[in-house]
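data_31.csv follows; it contains CSV, C-alpha atoms.
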chain,number,residue,atom,x,y,z
A,1,MET,CA,19.0,13.6,-35.8
A,2,ARG,CA,21.2,15.4,-33.2
A,3,ASP,CA,22.4,12.1,-31.6
A,4,LEU,CA,24.3,9.9,-34.1
A,5,SER,CA,25.3,7.3,-31.6
A,6,GLY,CA,23.8,3.9,-32.3
A,7,ARG,CA,22.9,4.8,-35.9
A,8,LEU,CA,24.1,3.2,-39.1
A,9,ALA,CA,25.6,5.5,-41.9
A,10,VAL,CA,26.4,4.5,-45.5
A,11,VAL,CA,29.2,6.6,-46.9
A,12,THR,CA,30.3,6.5,-50.6
A,13,GLY,CA,33.8,7.6,-51.5
A,14,GLY,CA,34.9,6.7,-48.0
A,15,GLY,CA,38.5,5.9,-49.1
A,16,SER,CA,39.8,9.5,-49.1
A,17,GLY,CA,39.1,13.2,-48.6
A,18,MET,CA,35.8,14.3,-47.1
A,19,GLY,CA,34.4,10.8,-47.2
A,20,ARG,CA,37.2,9.5,-45.0
A,21,GLU,CA,36.8,12.4,-42.6
A,22,LEU,CA,33.0,11.8,-42.4
A,23,VAL,CA,33.7,8.2,-41.5
A,24,ARG,CA,36.2,9.1,-38.8
A,25,GLN,CA,33.9,11.7,-37.2
A,26,LEU,CA,30.8,9.6,-37.4
A,27,VAL,CA,32.7,6.7,-35.8
A,28,ALA,CA,33.9,9.0,-33.0
A,29,GLU,CA,30.2,9.9,-32.3
A,30,GLY,CA,29.3,6.2,-32.0
A,31,CYS,CA,27.9,5.7,-35.4
A,32,SER,CA,28.4,2.4,-37.3
A,33,ILE,CA,29.7,2.7,-40.9
A,34,ALA,CA,29.3,1.0,-44.2
A,35,ALA,CA,31.7,2.6,-46.6
A,36,CYS,CA,32.4,2.0,-50.3
A,37,ASP,CA,35.0,3.3,-52.7
A,38,VAL,CA,36.7,2.1,-55.9
A,39,SER,CA,40.1,2.2,-54.0
A,40,GLU,CA,40.7,-0.9,-51.9
A,41,ARG,CA,43.9,0.7,-50.6
A,42,GLY,CA,42.0,3.9,-49.6
A,43,LEU,CA,39.3,2.0,-47.8
A,44,ALA,CA,41.8,0.0,-45.9
A,45,GLU,CA,43.6,3.1,-44.8
A,46,THR,CA,40.3,4.7,-43.6
A,47,ARG,CA,39.4,1.6,-41.6
A,48,ALA,CA,42.9,1.4,-40.1
A,49,MET,CA,42.8,5.0,-39.0
A,50,CYS,CA,39.5,4.5,-37.2
A,51,GLU,CA,40.7,1.4,-35.5
A,52,ARG,CA,43.9,3.1,-34.3
A,53,GLU,CA,41.7,5.8,-32.8
A,54,ARG,CA,39.8,3.0,-31.0
A,55,LEU,CA,36.2,2.2,-32.0
A,56,PRO,CA,33.5,3.0,-29.4
A,57,GLN,CA,31.8,0.0,-28.0
A,58,GLY,CA,29.2,-1.5,-30.3
A,59,VAL,CA,30.5,0.4,-33.4
A,60,ARG,CA,31.1,-1.6,-36.6
A,61,ILE,CA,32.9,-0.6,-39.8
A,62,THR,CA,32.4,-2.5,-43.0
A,63,THR,CA,33.9,-1.7,-46.4
A,64,PHE,CA,33.0,-2.7,-49.9
A,65,ILE,CA,34.6,-2.1,-53.3
A,66,ALA,CA,32.0,-0.5,-55.5
A,67,ASP,CA,31.8,1.9,-58.5
A,68,VAL,CA,28.7,3.9,-57.7
A,69,SER,CA,28.1,4.6,-61.4
A,70,ASP,CA,27.3,0.8,-61.9
A,71,GLU,CA,23.9,-0.1,-60.6
A,72,ALA,CA,24.7,-3.8,-60.2
A,73,GLN,CA,27.7,-2.9,-57.9
A,74,VAL,CA,25.6,-0.5,-55.9
A,75,LEU,CA,23.0,-3.2,-55.3
A,76,ARG,CA,25.6,-5.7,-54.2
A,77,PHE,CA,26.9,-3.0,-51.8
A,78,ARG,CA,23.4,-2.5,-50.4
A,79,ASP,CA,23.0,-6.3,-49.9
A,80,ASP,CA,26.4,-6.4,-48.2
A,81,VAL,CA,25.4,-3.7,-45.8
A,82,ALA,CA,22.2,-5.6,-44.9
A,83,ALA,CA,24.2,-8.8,-44.4
A,84,GLN,CA,27.2,-7.5,-42.6
A,85,HIS,CA,25.3,-5.3,-40.2
A,86,ARG,CA,22.4,-7.8,-39.9
A,87,THR,CA,19.7,-5.1,-40.5
A,88,ASP,CA,17.1,-4.0,-42.9
A,89,ARG,CA,17.5,-0.3,-42.2
A,90,ILE,CA,20.0,2.5,-42.3
A,91,HIS,CA,19.7,6.0,-40.8
A,92,LEU,CA,22.1,8.1,-42.9
A,93,LEU,CA,23.2,8.0,-46.5
A,94,PHE,CA,26.1,10.2,-47.5
A,95,ASN,CA,26.3,10.3,-51.3
A,96,ASN,CA,29.8,11.7,-51.3
A,97,ALA,CA,31.7,9.9,-54.1
A,98,GLY,CA,32.9,12.1,-56.9
A,99,ILE,CA,35.7,12.8,-59.4
A,100,GLY,CA,36.6,15.6,-61.8
A,101,GLY,CA,37.5,15.3,-65.5
A,102,GLY,CA,35.6,15.5,-68.7
A,103,SER,CA,35.9,19.3,-68.6
A,104,SER,CA,35.5,20.1,-72.3
A,105,MET,CA,33.0,18.9,-74.9
A,106,PHE,CA,35.7,19.5,-77.5
A,107,VAL,CA,39.0,18.5,-75.9
A,108,ASN,CA,38.0,15.6,-73.7
A,109,SER,CA,36.7,12.2,-74.9
A,110,ARG,CA,33.0,11.3,-74.5
A,111,GLU,CA,34.2,8.3,-72.4
A,112,GLU,CA,35.9,10.6,-69.9
A,113,TRP,CA,33.0,13.1,-69.9
A,114,GLU,CA,30.4,10.4,-69.2
A,115,ARG,CA,32.6,8.7,-66.6
A,116,THR,CA,32.7,12.0,-64.6
A,117,PHE,CA,29.0,12.6,-65.0
A,118,ASN,CA,27.9,9.1,-64.2
A,119,ILE,CA,29.9,9.0,-61.0
A,120,CYS,CA,29.0,12.5,-59.7
A,121,TRP,CA,25.3,12.4,-60.7
A,122,GLY,CA,24.6,8.8,-61.4
A,123,GLY,CA,26.1,7.6,-58.2
A,124,VAL,CA,23.8,9.9,-56.2
A,125,TYR,CA,20.8,8.7,-58.0
A,126,LEU,CA,21.6,5.0,-58.0
A,127,CYS,CA,22.5,5.0,-54.3
A,128,THR,CA,19.4,6.9,-53.3
A,129,ARG,CA,17.3,4.5,-55.3
A,130,ALA,CA,19.0,1.5,-53.7
A,131,PHE,CA,19.0,2.6,-50.1
A,132,LEU,CA,15.7,4.4,-49.9
A,133,PRO,CA,13.7,1.3,-48.8
A,134,MET,CA,16.2,0.9,-45.9
A,135,LEU,CA,15.9,4.5,-45.0
A,136,GLN,CA,12.1,4.2,-45.0
A,137,LYS,CA,12.3,1.4,-42.4
A,138,ALA,CA,14.3,3.5,-39.9
A,139,ASP,CA,12.6,5.7,-37.3
A,140,LYS,CA,14.6,8.7,-38.7
A,141,GLY,CA,16.6,9.0,-41.9
A,142,HIS,CA,18.8,11.6,-43.6
A,143,ILE,CA,20.2,11.7,-47.2
A,144,VAL,CA,23.2,13.9,-47.6
A,145,ASN,CA,24.1,14.7,-51.2
A,146,THR,CA,27.4,16.3,-52.0
A,147,SER,CA,27.1,18.9,-54.8
A,148,SER,CA,29.6,21.7,-55.1
A,149,VAL,CA,29.8,25.4,-55.6
A,150,ASN,CA,29.9,24.2,-59.2
A,151,GLY,CA,26.3,23.2,-58.6
A,152,PHE,CA,25.3,26.9,-58.9
A,153,TRP,CA,28.4,28.3,-60.6
A,154,ALA,CA,29.8,26.3,-63.5
A,155,GLN,CA,33.2,27.9,-63.3
A,156,ILE,CA,36.6,27.0,-61.9
A,157,GLY,CA,38.9,29.2,-64.0
A,158,VAL,CA,38.6,31.5,-67.0
A,159,ASN,CA,40.5,29.1,-69.3
A,160,ILE,CA,39.2,25.8,-67.9
A,161,PRO,CA,35.8,24.5,-69.0
A,162,GLN,CA,33.9,22.5,-66.4
A,163,THR,CA,31.0,20.9,-68.3
A,164,ALA,CA,30.8,17.4,-67.0
A,165,TYR,CA,31.4,18.1,-63.3
A,166,ALA,CA,29.2,21.2,-63.3
A,167,ALA,CA,26.4,19.5,-65.1
A,168,ALA,CA,26.5,16.6,-62.6
A,169,LYS,CA,26.6,18.9,-59.6
A,170,PHE,CA,23.8,21.1,-60.9
A,171,ALA,CA,21.8,17.8,-61.2
A,172,VAL,CA,22.6,16.8,-57.6
A,173,LYS,CA,21.5,20.2,-56.4
A,174,GLY,CA,18.2,20.1,-58.3
A,175,PHE,CA,17.5,16.5,-57.2
A,176,SER,CA,18.1,17.4,-53.6
A,177,GLU,CA,15.9,20.4,-53.7
A,178,ALA,CA,13.1,18.4,-55.4
A,179,LEU,CA,13.4,15.8,-52.7
A,180,GLN,CA,12.4,18.4,-50.1
A,181,THR,CA,8.8,18.1,-51.4
A,182,ASP,CA,8.9,14.4,-52.3
A,183,LEU,CA,10.1,13.4,-48.9
A,184,ARG,CA,7.7,15.7,-47.0
A,185,LEU,CA,4.7,14.1,-48.9
A,186,ASN,CA,5.8,10.5,-48.9
A,187,ALA,CA,8.4,9.9,-46.2
A,188,PRO,CA,8.4,12.8,-43.8
A,189,HIS,CA,10.7,11.1,-41.3
A,190,ILE,CA,13.5,11.3,-43.9
A,191,LYS,CA,15.4,14.6,-44.5
A,192,CYS,CA,17.7,15.6,-47.3
A,193,SER,CA,20.6,18.0,-47.3
A,194,VAL,CA,22.6,19.2,-50.3
A,195,VAL,CA,26.2,20.0,-49.5
A,196,MET,CA,28.0,22.6,-51.6
A,197,PRO,CA,31.7,22.8,-50.7
A,198,GLY,CA,34.1,25.4,-52.1
A,199,HIS,CA,37.8,24.6,-52.3
A,200,ILE,CA,38.5,21.8,-49.8
A,201,GLY,CA,41.8,20.1,-49.3
A,202,THR,CA,41.2,16.7,-50.7
A,203,GLY,CA,42.9,14.3,-53.1
A,204,ILE,CA,40.3,14.7,-55.8
A,205,ALA,CA,42.8,16.2,-58.2
A,206,ALA,CA,45.1,13.1,-57.9
A,207,ASN,CA,42.3,10.6,-57.6
A,208,THR,CA,40.4,11.8,-60.7
A,209,GLY,CA,43.2,10.6,-63.0
A,210,LYS,CA,43.4,7.3,-61.2
A,211,VAL,CA,39.6,6.6,-61.5
A,212,GLN,CA,39.5,7.7,-65.1
A,213,ALA,CA,42.4,5.4,-66.0
A,214,GLY,CA,41.5,2.5,-63.7
A,215,ASN,CA,44.9,2.9,-62.1
A,216,ASP,CA,45.1,2.9,-58.2
A,217,THR,CA,48.9,3.6,-58.2
A,218,ASP,CA,50.8,6.9,-58.1
A,219,LYS,CA,52.6,6.2,-61.4
A,220,LEU,CA,50.8,7.6,-64.4
A,221,THR,CA,49.8,5.3,-67.3
A,222,PRO,CA,50.4,6.5,-70.9
A,223,LYS,CA,46.7,7.2,-71.1
A,224,GLN,CA,46.8,9.4,-68.0
A,225,VAL,CA,49.8,11.3,-69.4
A,226,GLU,CA,47.9,11.8,-72.7
A,227,GLN,CA,44.8,13.1,-70.8
A,228,ALA,CA,46.9,15.4,-68.7
A,229,ARG,CA,48.7,16.8,-71.7
A,230,ALA,CA,45.3,17.6,-73.3
A,231,ARG,CA,44.1,19.3,-70.1
A,232,LEU,CA,47.2,21.4,-69.8
A,233,LYS,CA,47.0,22.4,-73.5
A,234,ALA,CA,43.3,23.4,-73.2
A,235,GLY,CA,44.2,25.5,-70.2
A,236,GLY,CA,46.6,27.6,-72.3
A,237,HIS,CA,49.9,25.8,-71.4
A,238,ASP,CA,52.5,25.3,-74.1
A,239,VAL,CA,53.1,21.5,-73.9
A,240,SER,CA,55.0,21.1,-77.2
A,241,ARG,CA,58.4,21.0,-75.4
A,242,MET,CA,57.2,19.0,-72.3
A,243,SER,CA,58.3,15.4,-72.0
A,244,ASP,CA,56.0,12.8,-70.5
A,245,GLY,CA,58.1,13.2,-67.3
A,246,ASP,CA,57.4,16.9,-67.3
A,247,ILE,CA,53.7,16.2,-67.7
A,248,GLU,CA,53.7,13.8,-64.8
A,249,GLU,CA,55.5,16.3,-62.6
A,250,ALA,CA,53.0,19.0,-63.5
A,251,VAL,CA,50.2,16.6,-62.5
A,252,ARG,CA,51.8,15.9,-59.2
A,253,GLU,CA,52.4,19.6,-58.5
A,254,ARG,CA,48.8,20.5,-59.4
A,255,ALA,CA,47.5,17.8,-56.9
A,256,ARG,CA,49.9,19.0,-54.2
A,257,ARG,CA,48.9,22.7,-54.6
A,258,PHE,CA,45.2,21.8,-54.7
A,259,LEU,CA,45.6,20.1,-51.3
A,260,ALA,CA,48.1,22.5,-49.7
A,261,GLU,CA,46.5,25.8,-50.8
A,262,ALA,CA,42.9,24.9,-49.9
A,263,PRO,CA,41.5,27.3,-47.3
A,264,MET,CA,39.7,24.5,-45.5
A,265,THR,CA,40.7,20.9,-44.7
A,266,ALA,CA,38.6,17.8,-45.4
A,267,ALA,CA,38.3,17.3,-41.6
A,268,GLU,CA,37.0,20.8,-41.1
A,269,ALA,CA,34.6,20.3,-44.0
A,270,ALA,CA,33.2,17.1,-42.5
A,271,LYS,CA,32.5,18.8,-39.3
A,272,VAL,CA,30.5,21.6,-41.1
A,273,ILE,CA,28.5,18.9,-42.9
A,274,LEU,CA,27.7,16.9,-39.8
A,275,ASP,CA,26.8,20.0,-37.9
A,276,GLY,CA,24.4,20.9,-40.7
A,277,VAL,CA,22.8,17.4,-40.6
A,278,LYS,CA,22.3,17.7,-36.8
A,279,GLU,CA,20.6,21.0,-37.3
A,280,ASP,CA,18.4,19.6,-40.1
A,281,ARG,CA,19.6,22.2,-42.6
A,282,TRP,CA,18.8,21.2,-46.1
A,283,ARG,CA,21.4,23.6,-47.7
A,284,ILE,CA,24.9,23.3,-46.4
A,285,LEU,CA,27.5,25.7,-47.8
A,286,VAL,CA,31.0,24.6,-46.8
A,287,GLY,CA,33.8,27.2,-46.6
A,288,GLU,CA,33.9,30.9,-46.6
A,289,ASP,CA,34.6,30.9,-50.4
A,290,ALA,CA,31.4,28.9,-51.0
A,291,HIS,CA,29.4,31.6,-49.1
A,292,LYS,CA,31.2,34.4,-51.1
A,293,ILE,CA,30.5,32.7,-54.5
A,294,ASP,CA,26.9,32.2,-53.6
A,295,GLU,CA,26.6,35.8,-52.7
A,296,TRP,CA,28.4,37.0,-55.9
A,297,VAL,CA,26.4,34.8,-58.3
A,298,ARG,CA,23.1,35.8,-56.7
A,299,ARG,CA,24.0,39.5,-56.9
A,300,SER,CA,25.2,39.5,-60.5
A,301,PRO,CA,24.0,36.3,-62.4
A,302,GLU,CA,24.3,37.9,-65.8
A,303,GLN,CA,28.0,38.6,-65.3
A,304,ALA,CA,28.9,35.3,-63.5
A,305,TYR,CA,30.9,34.0,-66.5
A,306,ASP,CA,32.7,37.2,-67.5
A,307,VAL,CA,36.4,37.0,-67.3
A,308,ASP,CA,36.7,39.9,-64.9
A,309,PHE,CA,34.0,38.4,-62.6
A,310,PHE,CA,36.2,35.5,-61.9
A,311,GLN,CA,39.4,37.6,-61.5
A,312,ARG,CA,37.7,40.0,-59.1
A,313,PHE,CA,36.2,37.1,-57.1
A,314,ALA,CA,39.5,35.2,-56.9
A,315,ILE,CA,41.3,38.3,-55.6
A,316,GLU,CA,38.7,39.1,-53.0
A,317,ALA,CA,38.2,35.5,-51.8
A,318,GLY,CA,41.9,34.6,-52.1
A,319,TRP,CA,40.9,31.7,-54.4
A,320,LYS,CA,43.9,29.9,-55.8
A,321,VAL,CA,42.1,27.2,-57.8
A,322,ALA,CA,43.1,27.5,-61.5
A,323,ARG,CA,45.1,30.6,-60.9

Can you present the structure in this file as structure tokens?
Amino acid sequence: MRDLSGRLAVVTGGGSGMGRELVRQLVAEGCSIAACDVSERGLAETRAMCERERLPQGVRITTFIADVSDEAQVLRFRDDVAAQHRTDRIHLLFNNAGIGGGSSMFVNSREEWERTFNICWGGVYLCTRAFLPMLQKADKGHIVNTSSVNGFWAQIGVNIPQTAYAAAKFAVKGFSEALQTDLRLNAPHIKCSVVMPGHIGTGIAANTGKVQAGNDTDKLTPKQVEQARARLKAGGHDVSRMSDGDIEEAVRERARRFLAEAPMTAAEAAKVILDGVKEDRWRILVGEDAHKIDEWVRRSPEQAYDVDFFQRFAIEAGWKVAR
């Protein structure tokens, strides 16, 4: 699908980060958009940015508030896409929505763990189920599932567990790989790509707390402060003398650094993804760090979770996540 003009793309998590940049770049190529997110404010900002940049003739953008881990909301989103765009088909499905959190089976609550897993994996599954009939009716279709380097390496730092996010991203990768055969046999006009980004400059660090707490403001709730305190303690920080204000400032600084220190921007990542879709590549690594991690893990799988493995990799790749 080299020409995206005149197509209709569904983008989940379109209110920020890579989702927002995918929307902007798809629109610039003449592709209409149906985007969803849990953040009404984020979606409004995405739409306003596209409109300021001037929509190509014939391009439409619709937005819908939906939690992709909730099947009823996903189905309402699908029905809204059909109604707003007056169509029974779509051409592209970007299963991009995701959050972090739920890192430890010991430290984090079951509620937080399952919230992360159900968005990062459940959202991909539910949206694919919901929109597959609309993809089948198109002349060409493409499913683009966002996994992560954590879909083949369940590590982010030597003192930071990554169980919920990594389990979900491994599932997304496996599902996407299995679809290569399923689609070839049953819907050969539909392709599927799995996207595995490294450290990309997005707001996921800040947005995770908001989604986990159901709070779309920049002010932390007591629950968010409590969760952040637990994460910092689990990561080896002495939080005994930190006030709630100190915790809040640490959270903001972490989010700032995650965005500022990333070796690749969300806009750059979106371009890599769309280039991969146009080239019909089923496996899209995003970022030089993603390529390096892939190489290292394949070369030394038995050592992939040794402390010195991470330290050596972080130095060579210049990786600042969790350092």

Find the residue from A:Gly287, A:Pro133, A:Gly245, A:Gly122 that sits nearest to A:Pro197; use only C-alpha atoms when measuring.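 Result for the nearest residue to A:Pro197: A:Gly287.
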
Stretch 86-98 of chain A environment, 6 Å, all atoms listed in the file, sequence neighbours closer than 4 positions dropped, as a compact mmCIF listing (two decimals) with C-alpha atoms, keeping the file's coordinate frame:
# COMPACT_ATOMS: atom_id res chain seq x y z
CA ARG A 7 22.90 4.80 -35.90
CA LEU A 8 24.10 3.20 -39.10
CA ALA A 9 25.60 5.50 -41.90
CA VAL A 10 26.40 4.50 -45.50
CA VAL A 11 29.20 6.60 -46.90
CA THR A 12 30.30 6.50 -50.60
CA GLY A 13 33.80 7.60 -51.50
CA ALA A 82 22.20 -5.60 -44.90
CA ILE A 119 29.90 9.00 -61.00
CA CYS A 120 29.00 12.50 -59.70
CA VAL A 124 23.80 9.90 -56.20
CA MET A 134 16.20 0.90 -45.90
CA LEU A 135 15.90 4.50 -45.00
CA LYS A 137 12.30 1.40 -42.40
CA ALA A 138 14.30 3.50 -39.90
CA GLY A 141 16.60 9.00 -41.90
CA HIS A 142 18.80 11.60 -43.60
CA ILE A 143 20.20 11.70 -47.20
CA VAL A 144 23.20 13.90 -47.60
CA ASN A 145 24.10 14.70 -51.20
CA THR A 146 27.40 16.30 -52.00

Nearest residue to A:Ala230 from the set A:Ile160, A:Ala168, A:Ala290, A:Met196 (distances using all atoms listed in the file):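 Under the stated criterion, the closest residue is A:Ile160.
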
The distance between atom CA of A:Ala213 and atom CA of A:Glu111 is 10.8 Å

Hey, can you pull every residue with an atom no more than 9 Å from (51.7, 10.6, -68.8), using all atoms listed in the file, and send it as a PyMOL selection string? chain A and resi 219-229+243-248+251

Contact residues around A:Gly276 with all atoms listed in the file at 12 Å, ignoring same-chain residues under 6 positions, as an NGL selection string: :A and (1-2 or 142 or 144 or 191-196 or 269-270 or 282-286)

Which residue is closest to A:Ser148? Choose from A:Asp294, A:Asp67, A:Asp306, A:Asp216 and count all atoms listed in the file.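 Comparing A:Asp294, A:Asp67, A:Asp306, A:Asp216 against A:Ser148, the winner is A:Asp294.
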
Separation of atom CA of A:Gly19 and atom CA of A:Gln84, in Å?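 Separating atom CA of A:Gly19 from atom CA of A:Gln84 is a distance of 20.2 Å.
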
Rounded to one decimal in Å, what is the spacing between atom CA of A:Arg20 and atom CA of A:Arg60?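 Computing it gives 15.2 Å between the two atoms.
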
So which residues touch A:Ala317 within 9 Å, counting all atoms listed in the file, skipping near sequence neighbours fewer than 2 positions away, as a PyMOL selection string? chain A and resi 288-289+292-293+312-315+319-320

Among the residues A:Arg231, A:Gly15, A:Thr63, A:Val307, the one that comes closest to A:Ser109 [using only C-alpha atoms]: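 Smallest separation from A:Ser109 among the options: A:Arg231.
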
Scan for residues within 9 Å of the point (29.9, 4.8, -30.0) in the coordinates of the file, using all atoms listed in the file, and reply as a list in words. Leu4, Ser5, Gly6, Leu26, Val27, Ala28, Glu29, Gly30, Cys31, Ser32, Leu55, Pro56, Gln57, Gly58 and Val59 of chain A

Name all residues at most 8 Å from A:Thr208 (count all atoms listed in the file; drop same-chain ones fewer than 3 positions away) and give them as a PyMOL selection string. chain A and resi 99-101+204-205+211-212

File dump, residues just selected, C-alpha atoms, as a PDB file, in the frame of the given file:
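Dumped everything to part.pdb:
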ATOM      1  CA  ILE A  99      35.700  12.800 -59.400  1.00  0.00           C
ATOM      2  CA  GLY A 100      36.600  15.600 -61.800  1.00  0.00           C
ATOM      3  CA  GLY A 101      37.500  15.300 -65.500  1.00  0.00           C
ATOM      4  CA  ILE A 204      40.300  14.700 -55.800  1.00  0.00           C
ATOM      5  CA  ALA A 205      42.800  16.200 -58.200  1.00  0.00           C
ATOM      6  CA  VAL A 211      39.600   6.600 -61.500  1.00  0.00           C
ATOM      7  CA  GLN A 212      39.500   7.700 -65.100  1.00  0.00           C
TER       8      GLN A 212
END

Using all atoms listed in the file, find the one residue out of A:Ile65, A:Trp153, A:Arg281, A:Asn108 that sits nearest to A:Glu302.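 For A:Glu302, the nearest of the given residues is A:Trp153.
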
So, with all atoms listed in the file as the atoms that count, which of A:His199, A:Arg110, A:Arg184, A:Lys140 lies closest to A:Pro263? A:His199

So that I can check the surroundings of A:Ser39, please list as a VMD selection string every protein, DNA and RNA residue that reaches within 10 Å of it, counting only C-alpha atoms and ignoring chain neighbours fewer than 2 positions away. chain A and resid 13 to 16 36 to 37 41 to 45 64 to 67 207 210 to 211 214 to 217
